[in-house]
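J.: Next comes input13.cif, mmCIF, C-alpha atoms:
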```cif
data_target
#
loop_
_atom_site.label_atom_id
_atom_site.label_comp_id
_atom_site.auth_asym_id
_atom_site.auth_seq_id
_atom_site.Cartn_x
_atom_site.Cartn_y
_atom_site.Cartn_z
CA MET A 1 -46.29 43.13 -6.61
CA ASP A 2 -49.74 41.55 -6.57
CA LYS A 3 -48.53 38.88 -8.95
CA ILE A 4 -45.67 38.00 -6.60
CA THR A 5 -48.01 37.91 -3.62
CA ASN A 6 -50.48 35.69 -5.46
CA LYS A 7 -47.68 33.40 -6.53
CA LEU A 8 -46.38 33.08 -2.98
CA ASP A 9 -49.90 32.39 -1.71
CA ALA A 10 -50.30 29.68 -4.34
CA TRP A 11 -47.01 28.09 -3.32
CA LYS A 12 -48.07 28.28 0.33
CA ASP A 13 -51.32 26.51 -0.45
CA ILE A 14 -49.49 23.83 -2.42
CA PHE A 15 -46.99 23.37 0.41
CA ILE A 16 -49.74 23.06 3.05
CA LYS A 17 -51.65 20.67 0.84
CA ASN A 18 -48.56 18.47 0.36
CA ILE A 19 -47.38 18.47 3.98
CA PRO A 20 -48.55 14.85 4.47
CA ASN A 21 -46.71 13.77 1.31
CA ILE A 22 -43.58 15.66 2.35
CA ALA A 23 -43.70 13.99 5.76
CA ILE A 24 -44.10 10.57 4.18
CA ALA A 25 -41.23 11.29 1.76
CA LEU A 26 -38.94 12.33 4.63
CA VAL A 27 -39.85 9.18 6.56
CA VAL A 28 -39.12 7.06 3.48
CA ILE A 29 -35.71 8.70 2.98
CA PHE A 30 -34.97 8.29 6.70
CA ILE A 31 -35.89 4.60 6.58
CA ALA A 32 -33.93 4.10 3.35
CA TYR A 33 -30.82 5.64 4.88
CA PHE A 34 -30.79 3.38 7.93
CA ALA A 35 -31.89 0.39 5.83
CA SER A 36 -28.90 0.94 3.53
CA ARG A 37 -26.55 0.96 6.51
CA ALA A 38 -28.20 -2.15 7.95
CA ILE A 39 -28.01 -4.01 4.64
CA ASN A 40 -24.34 -3.03 4.40
CA THR A 41 -23.59 -4.61 7.77
CA PHE A 42 -25.80 -7.65 7.10
CA ILE A 43 -24.22 -8.44 3.73
CA THR A 44 -20.71 -7.95 5.11
CA LYS A 45 -21.35 -10.45 7.91
CA THR A 46 -23.22 -12.90 5.67
CA LEU A 47 -20.69 -12.87 2.85
CA GLY A 48 -17.86 -12.96 5.34
CA LYS A 49 -18.54 -16.66 5.86
CA LYS A 50 -18.62 -17.45 2.13
CA ILE A 51 -16.27 -14.97 0.42
CA LYS A 52 -12.71 -14.75 1.73
CA GLN A 53 -11.80 -11.63 -0.23
CA GLU A 54 -12.64 -8.60 1.89
CA SER A 55 -12.49 -6.32 -1.16
CA VAL A 56 -15.32 -8.29 -2.83
CA ARG A 57 -17.43 -8.19 0.34
CA ASN A 58 -16.94 -4.43 0.59
CA LEU A 59 -17.85 -3.93 -3.07
CA VAL A 60 -21.08 -5.96 -2.84
CA SER A 61 -22.14 -4.32 0.42
CA ARG A 62 -21.51 -0.80 -0.94
CA VAL A 63 -23.43 -1.45 -4.15
CA ALA A 64 -26.35 -2.98 -2.23
CA SER A 65 -26.35 -0.07 0.22
CA ALA A 66 -26.41 2.49 -2.61
CA PHE A 67 -29.21 0.58 -4.37
CA ILE A 68 -31.41 0.58 -1.24
CA PHE A 69 -30.90 4.29 -0.70
CA LEU A 70 -31.61 5.16 -4.36
CA LEU A 71 -34.74 3.00 -4.22
CA GLY A 72 -35.93 4.92 -1.18
CA LEU A 73 -35.17 8.20 -2.92
CA TYR A 74 -37.20 7.08 -5.95
CA ILE A 75 -40.18 6.16 -3.74
CA ALA A 76 -39.94 9.51 -1.95
CA MET A 77 -39.99 11.40 -5.25
CA THR A 78 -42.95 9.31 -6.38
CA VAL A 79 -44.82 10.21 -3.19
CA LEU A 80 -44.13 13.86 -3.91
CA LYS A 81 -45.54 13.32 -7.41
CA PHE A 82 -42.29 14.06 -9.16
CA ASP A 83 -42.88 11.29 -11.72
CA ASP A 84 -42.70 13.69 -14.63
CA THR A 85 -39.49 15.15 -13.27
CA LEU A 86 -37.99 11.68 -12.99
CA LYS A 87 -38.96 10.87 -16.55
CA ALA A 88 -37.42 14.11 -17.74
CA ILE A 89 -34.21 13.36 -15.81
CA ILE A 90 -34.02 9.85 -17.28
CA SER A 91 -34.62 11.18 -20.79
CA ALA A 92 -32.01 13.87 -20.33
CA ALA A 93 -29.57 11.27 -18.98
CA GLY A 94 -30.00 9.23 -22.13
CA VAL A 95 -29.27 12.23 -24.34
CA SER A 96 -26.40 13.62 -22.30
CA GLY A 97 -24.94 10.26 -21.30
CA ILE A 98 -22.35 10.34 -24.06
CA VAL A 99 -21.23 13.86 -23.15
CA ILE A 100 -21.00 13.00 -19.45
CA GLY A 101 -19.17 9.78 -20.24
CA LEU A 102 -16.54 11.64 -22.26
CA ALA A 103 -16.15 14.26 -19.55
CA LEU A 104 -15.77 11.66 -16.81
CA GLN A 105 -13.51 9.20 -18.59
CA GLY A 106 -10.97 9.22 -15.78
CA THR A 107 -13.57 8.73 -13.05
CA LEU A 108 -15.38 5.96 -14.92
CA SER A 109 -12.08 4.27 -15.69
CA ASN A 110 -11.15 4.34 -11.99
CA THR A 111 -14.57 2.93 -11.06
CA ILE A 112 -14.30 0.04 -13.51
CA SER A 113 -10.73 -0.57 -12.38
CA GLY A 114 -11.94 -0.63 -8.77
CA VAL A 115 -14.45 -3.37 -9.62
CA VAL A 116 -11.75 -5.38 -11.40
CA LEU A 117 -9.28 -4.97 -8.51
CA SER A 118 -11.92 -6.02 -5.98
CA PHE A 119 -12.30 -9.40 -7.69
CA ARG A 120 -8.57 -10.10 -8.16
CA GLU A 121 -7.56 -13.11 -6.11
CA ASN A 122 -3.89 -12.09 -5.95
CA LEU A 123 -4.68 -8.75 -4.33
CA ASN A 124 -6.71 -8.25 -1.17
CA ILE A 125 -7.09 -5.95 1.81
CA GLY A 126 -4.40 -6.63 4.40
CA ASN A 127 -1.76 -7.62 1.82
CA TRP A 128 1.64 -5.95 1.86
CA ILE A 129 2.41 -4.74 -1.65
CA GLU A 130 4.86 -2.56 -3.53
CA THR A 131 3.64 -0.54 -6.52
CA ASN A 132 4.22 2.80 -8.23
CA GLY A 133 7.13 3.58 -5.92
CA TYR A 134 5.14 2.96 -2.73
CA SER A 135 5.22 0.02 -0.33
CA GLY A 136 2.75 -0.77 2.42
CA GLU A 137 -0.37 -2.57 3.63
CA VAL A 138 -3.56 -2.38 1.57
CA ILE A 139 -6.26 -0.93 3.84
CA ASP A 140 -9.00 -0.21 1.30
CA ILE A 141 -9.96 -0.90 -2.31
CA ASN A 142 -12.63 1.66 -3.15
CA LEU A 143 -14.53 2.21 -6.37
CA ASN A 144 -12.38 5.24 -7.16
CA TYR A 145 -9.09 4.83 -5.34
CA PHE A 146 -6.68 2.43 -3.71
CA VAL A 147 -5.37 3.10 -0.19
CA ILE A 148 -2.00 1.92 1.16
CA ARG A 149 -0.57 2.47 4.65
CA GLU A 150 3.23 2.63 4.53
CA ALA A 151 5.61 1.42 7.23
CA ASP A 152 5.96 4.98 8.58
CA ASN A 153 2.14 5.10 9.03
CA ASN A 154 1.64 7.51 6.12
CA THR A 155 -1.45 6.85 4.00
CA VAL A 156 -1.08 6.80 0.22
CA VAL A 157 -4.16 7.18 -2.01
CA ILE A 158 -3.61 5.92 -5.57
CA PRO A 159 -6.15 5.97 -8.44
CA ASN A 160 -7.38 2.48 -9.28
CA LYS A 161 -6.46 2.90 -12.93
CA THR A 162 -2.82 3.46 -11.98
CA ILE A 163 -2.74 0.24 -9.95
CA LEU A 164 -4.39 -1.80 -12.70
CA GLU A 165 -2.10 -0.54 -15.46
CA ASN A 166 1.19 -0.95 -13.59
CA PRO A 167 2.91 -4.01 -12.12
CA PHE A 168 2.87 -4.58 -8.38
CA LYS A 169 4.72 -6.87 -6.01
CA ASN A 170 2.58 -8.68 -3.41
CA TYR A 171 4.69 -9.89 -0.48
CA SER A 172 1.71 -11.58 1.16
CA LEU A 173 1.24 -14.22 -1.54
CA THR A 174 4.07 -16.26 -0.04
CA THR A 175 5.00 -16.98 3.57
CA LYS A 176 8.74 -17.18 2.88
CA MET A 177 11.04 -14.35 1.89
CA ARG A 178 14.73 -14.32 0.98
CA VAL A 179 17.07 -11.76 2.53
CA SER A 180 20.26 -10.68 0.72
CA LEU A 181 23.18 -9.25 2.69
CA GLU A 182 26.38 -7.85 1.17
CA CYS A 183 29.56 -7.25 3.15
CA GLY A 184 33.35 -7.10 2.80
CA ILE A 185 36.28 -8.47 4.82
CA GLU A 186 39.96 -7.60 4.94
CA TYR A 187 42.34 -9.12 2.43
CA GLY A 188 44.32 -10.86 5.16
CA ALA A 189 41.32 -12.82 6.47
CA ASP A 190 40.91 -16.58 6.12
CA LEU A 191 38.17 -16.78 3.47
CA GLU A 192 37.08 -20.33 4.32
CA LYS A 193 36.78 -19.38 7.98
CA VAL A 194 34.71 -16.30 7.05
CA GLU A 195 32.33 -18.42 5.00
CA ILE A 196 31.86 -21.05 7.70
CA LEU A 197 31.46 -18.43 10.43
CA THR A 198 28.88 -16.42 8.47
CA LYS A 199 26.83 -19.52 7.66
CA ASN A 200 26.88 -20.64 11.29
CA VAL A 201 25.75 -17.22 12.50
CA ILE A 202 22.81 -17.15 10.09
CA THR A 203 21.83 -20.76 10.76
CA SER A 204 21.86 -20.29 14.53
CA ASN A 205 19.75 -17.12 14.43
CA PHE A 206 17.42 -17.92 11.53
CA ASN A 207 16.11 -21.47 11.46
CA GLN A 208 16.75 -22.51 7.87
CA GLU A 209 16.09 -26.21 8.43
CA GLN A 210 12.53 -25.51 9.57
CA LEU A 211 11.94 -23.53 6.38
CA GLY A 212 13.53 -26.23 4.25
CA LYS A 213 16.19 -23.83 2.93
CA ASN A 214 19.96 -23.47 3.01
CA VAL A 215 22.17 -20.46 3.60
CA GLU A 216 23.85 -19.28 0.39
CA PHE A 217 27.30 -17.68 0.54
CA TYR A 218 29.33 -16.33 -2.40
CA PHE A 219 32.45 -14.22 -2.66
CA THR A 220 31.60 -11.69 -5.34
CA GLU A 221 34.61 -9.44 -6.06
CA PHE A 222 38.00 -8.06 -5.10
CA GLY A 223 37.10 -4.57 -3.91
CA ASP A 224 39.36 -1.55 -3.44
CA SER A 225 39.97 -2.34 0.22
CA SER A 226 38.07 -5.57 0.85
CA ILE A 227 36.99 -8.92 -0.55
CA ASN A 228 33.24 -8.64 -0.87
CA PHE A 229 30.72 -11.42 -0.37
CA LEU A 230 26.99 -12.02 -0.70
CA CYS A 231 25.00 -14.00 1.86
CA ARG A 232 21.40 -15.01 1.22
CA PHE A 233 19.03 -16.69 3.64
CA TRP A 234 15.29 -17.18 4.15
CA ILE A 235 12.82 -15.98 6.76
CA GLU A 236 9.14 -16.62 7.42
CA SER A 237 7.45 -13.33 6.59
CA GLU A 238 4.68 -11.74 4.53
CA ASN A 239 5.85 -8.13 4.41
CA ALA A 240 8.96 -6.14 3.57
CA LEU A 241 9.23 -4.72 7.10
CA GLU A 242 10.03 -8.15 8.54
CA ARG A 243 12.73 -8.58 5.90
CA LEU A 244 14.27 -5.26 6.94
CA LYS A 245 14.25 -6.32 10.61
CA ALA A 246 15.85 -9.67 9.76
CA LYS A 247 18.58 -7.98 7.72
CA SER A 248 19.33 -5.58 10.56
CA ASN A 249 19.53 -8.45 13.06
CA ALA A 250 21.83 -10.41 10.72
CA ILE A 251 24.20 -7.44 10.40
CA ILE A 252 24.43 -7.15 14.19
CA LYS A 253 25.11 -10.86 14.70
CA ILE A 254 27.70 -11.09 11.91
CA LYS A 255 29.54 -8.00 13.19
CA GLN A 256 29.65 -9.46 16.71
CA ALA A 257 30.98 -12.79 15.39
CA PHE A 258 33.66 -11.09 13.26
CA ASP A 259 34.80 -8.93 16.19
CA LYS A 260 35.08 -12.02 18.38
CA GLU A 261 37.31 -13.73 15.79
CA ASN A 262 39.31 -10.55 15.05
CA ILE A 263 38.06 -10.38 11.47
CA SER A 264 38.02 -6.78 10.27
CA ILE A 265 35.43 -5.21 8.01
CA PRO A 266 37.59 -2.57 6.25
CA PHE A 267 36.56 0.89 5.25
CA PRO A 268 37.94 2.94 2.32
CA MET A 269 41.49 4.20 2.97
CA ARG A 270 43.97 6.35 1.02
CA THR A 271 47.72 5.94 1.14
CA LEU A 272 49.94 9.00 0.54
CA GLU A 273 53.41 8.23 -0.81
CA ILE A 274 56.09 10.95 -0.39
CA LEU A 275 59.03 10.73 -2.78
CA PRO A 276 62.55 10.82 -1.25
CA ASN A 277 63.44 14.20 -2.81
CA GLN A 278 60.22 15.86 -1.65
CA SER A 279 58.91 16.91 1.75
CA LEU A 280 55.43 17.51 3.16
CA ASP A 281 54.98 20.81 4.98
CA ILE A 282 52.04 20.23 7.34
CA HIS A 283 52.23 23.83 8.60
CA LYS A 284 51.65 25.33 5.14
CA ILE A 285 48.75 22.94 4.39
CA THR A 286 47.10 23.87 7.69
CA GLU A 287 47.44 27.63 6.97
CA LYS A 288 45.81 27.19 3.52
CA GLU A 289 42.88 25.25 4.96
CA VAL A 290 42.32 27.90 7.65
CA SER A 291 42.45 30.77 5.17
#
```
So that I can check it, write out the structure of this file as C-alpha cells.

T.:
Amino acid sequence: MDKITNKLDAWKDIFIKNIPNIAIALVVIFIAYFASRAINTFITKTLGKKIKQESVRNLVSRVASAFIFLLGLYIAMTVLKFDDTLKAIISAAGVSGIVIGLALQGTLSNTISGVVLSFRENLNIGNWIETNGYSGEVIDINLNYFVIREADNNTVVIPNKTILENPFKNYSLTTKMRVSLECGIEYGADLEKVEILTKNVITSNFNQEQLGKNVEFYFTEFGDSSINFLCRFWIESENALERLKAKSNAIIKIKQAFDKENISIPFPMRTLEILPNQSLDIHKITEKEVS
C-alpha cells in the first residue's frame, strides 16, 4: 500500500511540476486546431481563383489543414518532453509499416484513388455522372470515398477504388444531349403524314436550329399491332434529369398532335375466332371464373 501511495505522490509531484508545460501544450493544440481551419478556408479561397477543379482545391486544403494540426501536435508533445516517445513511435512505425500496409490495403488503395480522382479533369464536383449502377450529382470527392446525390435526393457513398476501376458516364462534359423516343402508330395511318407531324412537333417545342441539329425520324419495324418508329432530337442539358423531362414533354406533345389528327397509338389486342360448328357459352366461362 505504501508503494502505491508513494507512486501516486510521485505522479502528483510530476503533474504539478509540469502544469506550465501542460498548459502550453494545450494552448498549442488549441491554436493548431483553429489555425488548421483557417488555413483550410484561406487556401480554398486563394486556390479558387487559380484552380477551377473544386476537388483539387478540397484535396490541397485538407492536406494543408492536417499538416498544420499534426505540426501543432508535434510541438505540444515536444513541450511535454515526449521526444523519446516520438522517436519510439517513429521507429515502431518503420518496423510495423509493412504489416500495417498489408492490413490496410483497401483503405490505402481508396486514399490513393481519391488523390487520382481529385486531379482528373474529366470528373469534378457538381458533375452529373452515371457509374456502378448509380446516377446523380457529384457532391464530394474525399480521400476515402466518393459521394453522389441521386435525382430522388438519396446520397450514395462509393469507395474511390470502385470509381477508378470502373467506367463512368459524365453528362456534364457536353452541353448537348440527344433524346430517343420510340412509339407506334396504327397500320391504317398515313406514314408520311406521321413523320412530318412528329418532326414538326419536336421542332416547334425543342429548338433544333439553335443547337445546330436536325430531328431524326425512322420507322423501325412492323409490330404485332402497330408500325413502330424511332424519333431522336437534341436538347441543351448537362444532366440525365433534363433529358427525362424533355422526353416526357415530347410524349405529351406528340400524343396531343396525334389525337388532333385522329392518329391512333394502338395497344395490344387479341382476336377470338369462333368456328361455325362451335359455340361460346359465356355463362359457363363466368361460373368457372367465379368458382

J.: With the file shown as input, list the residues that the PyMOL selection byres ((chain A and resi 156) around 12) selects, as a ChimeraX atom specification.

T.: /A:130-140,145-155,157-159

J.: Quick one: of A:Glu195, A:Glu165, A:Glu216, A:Glu182, who's nearest to Ser248 of chain A, counting only C-alpha atoms?

T.: A:Glu182

J.: Arg178 of chain A: which residues within 9 Å, counting all atoms listed in the file, same-chain residues fewer than 4 positions away excluded, as a PDB file with C-alpha atoms, in the coordinates of the input?

T.:
```
ATOM      1  CA  ARG A 232      21.400 -15.010   1.220  1.00  0.00           C
ATOM      2  CA  PHE A 233      19.030 -16.690   3.640  1.00  0.00           C
ATOM      3  CA  TRP A 234      15.290 -17.180   4.150  1.00  0.00           C
ATOM      4  CA  ILE A 235      12.820 -15.980   6.760  1.00  0.00           C
ATOM      5  CA  GLU A 236       9.140 -16.620   7.420  1.00  0.00           C
ATOM      6  CA  ARG A 243      12.730  -8.580   5.900  1.00  0.00           C
TER       7      ARG A 243
END
```

J.: Do you know which residues the PyMOL selection byres ((chain A and resi 226) around 8) returns on this file, as a PyMOL selection string?

T.: chain A and resi 184-187+222-225+227-228+265-267

J.: Could you check the closest approach to Val115 of chain A for each of A:Thr175, A:Gly72, A:Thr46, A:Lys161 and tell me which residue wins, using all atoms listed in the file?

T.: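 Ranked by minimum distance to Val115 of chain A, first place goes to A:Lys161.
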
J.: Using Å and a single decimal, report how far atom CA of Ser118 of chain A sits from atom CA of Phe34 of chain A.

T.: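 A separation of 25.3 Å between them.
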
J.: Which of these, A:Gly114, A:Phe206, A:Leu197, A:Lys213, has the shortest distance to Lys260 of chain A once you count all atoms listed in the file?

T.: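 When distances to Lys260 of chain A are compared using all atoms listed in the file, the smallest one comes from A:Leu197.
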
J.: Write out as a Markdown table the residues of segment 189-269 of chain A that have any atom within 8 Å of an atom of segment 120-128 of chain A, one row each with the nearest atom pair and its distance in Å to one decimal, counting only C-alpha atoms, sorted by chain and then rising number.

T.:
```
| residue | atom | partner | partner_atom | distance |
| --- | --- | --- | --- | --- |
| A:Glu238 | CA | A:Trp128 | CA | 7.1 |
| A:Asn239 | CA | A:Trp128 | CA | 5.4 |
| A:Ala240 | CA | A:Trp128 | CA | 7.5 |
```

J.: Mind dumping the selected residues with C-alpha atoms as an mmCIF file, in the frame of the given file?

T.:
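The result, stored in part06.cif:
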```cif
data_model
loop_
_atom_site.group_PDB
_atom_site.id
_atom_site.type_symbol
_atom_site.label_atom_id
_atom_site.label_comp_id
_atom_site.auth_asym_id
_atom_site.auth_seq_id
_atom_site.Cartn_x
_atom_site.Cartn_y
_atom_site.Cartn_z
ATOM 1 C CA GLU A 238 4.680 -11.740 4.530
ATOM 2 C CA ASN A 239 5.850 -8.130 4.410
ATOM 3 C CA ALA A 240 8.960 -6.140 3.570
#
```

J.: Rank A:Arg62, A:Ile141, A:Asp190, A:Val28 by their smallest atom-to-atom distance to Tyr74 of chain A, using all atoms listed in the file, and report the top residue only.

T.: A:Val28

J.: How far is it from atom CA of Ser237 of chain A to atom CA of Met177 of chain A, in Å with one decimal?

T.: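 For atom CA of Ser237 of chain A relative to atom CA of Met177 of chain A, the distance reads 6.0 Å.
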
J.: Report the distance between atom CA of Glu209 of chain A and atom CA of Val179 of chain A in Å, rounded to one decimal place.

T.: 15.6 Å

J.: List, as a ChimeraX atom specification, every residue that the PyMOL selection byres ((chain A and resi 250) around 12) selects in the file provided.

T.: /A:179-183,198-206,231-235,243-249,251-257

J.: Let me make sure I understand: among A:Thr78, A:Ser113, A:Asn142, A:Ser61, which one has the smallest atom-to-atom distance to Phe42 of chain A if we use only C-alpha atoms?

T.: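 The shortest atom-to-atom distance to Phe42 of chain A comes from A:Ser61.
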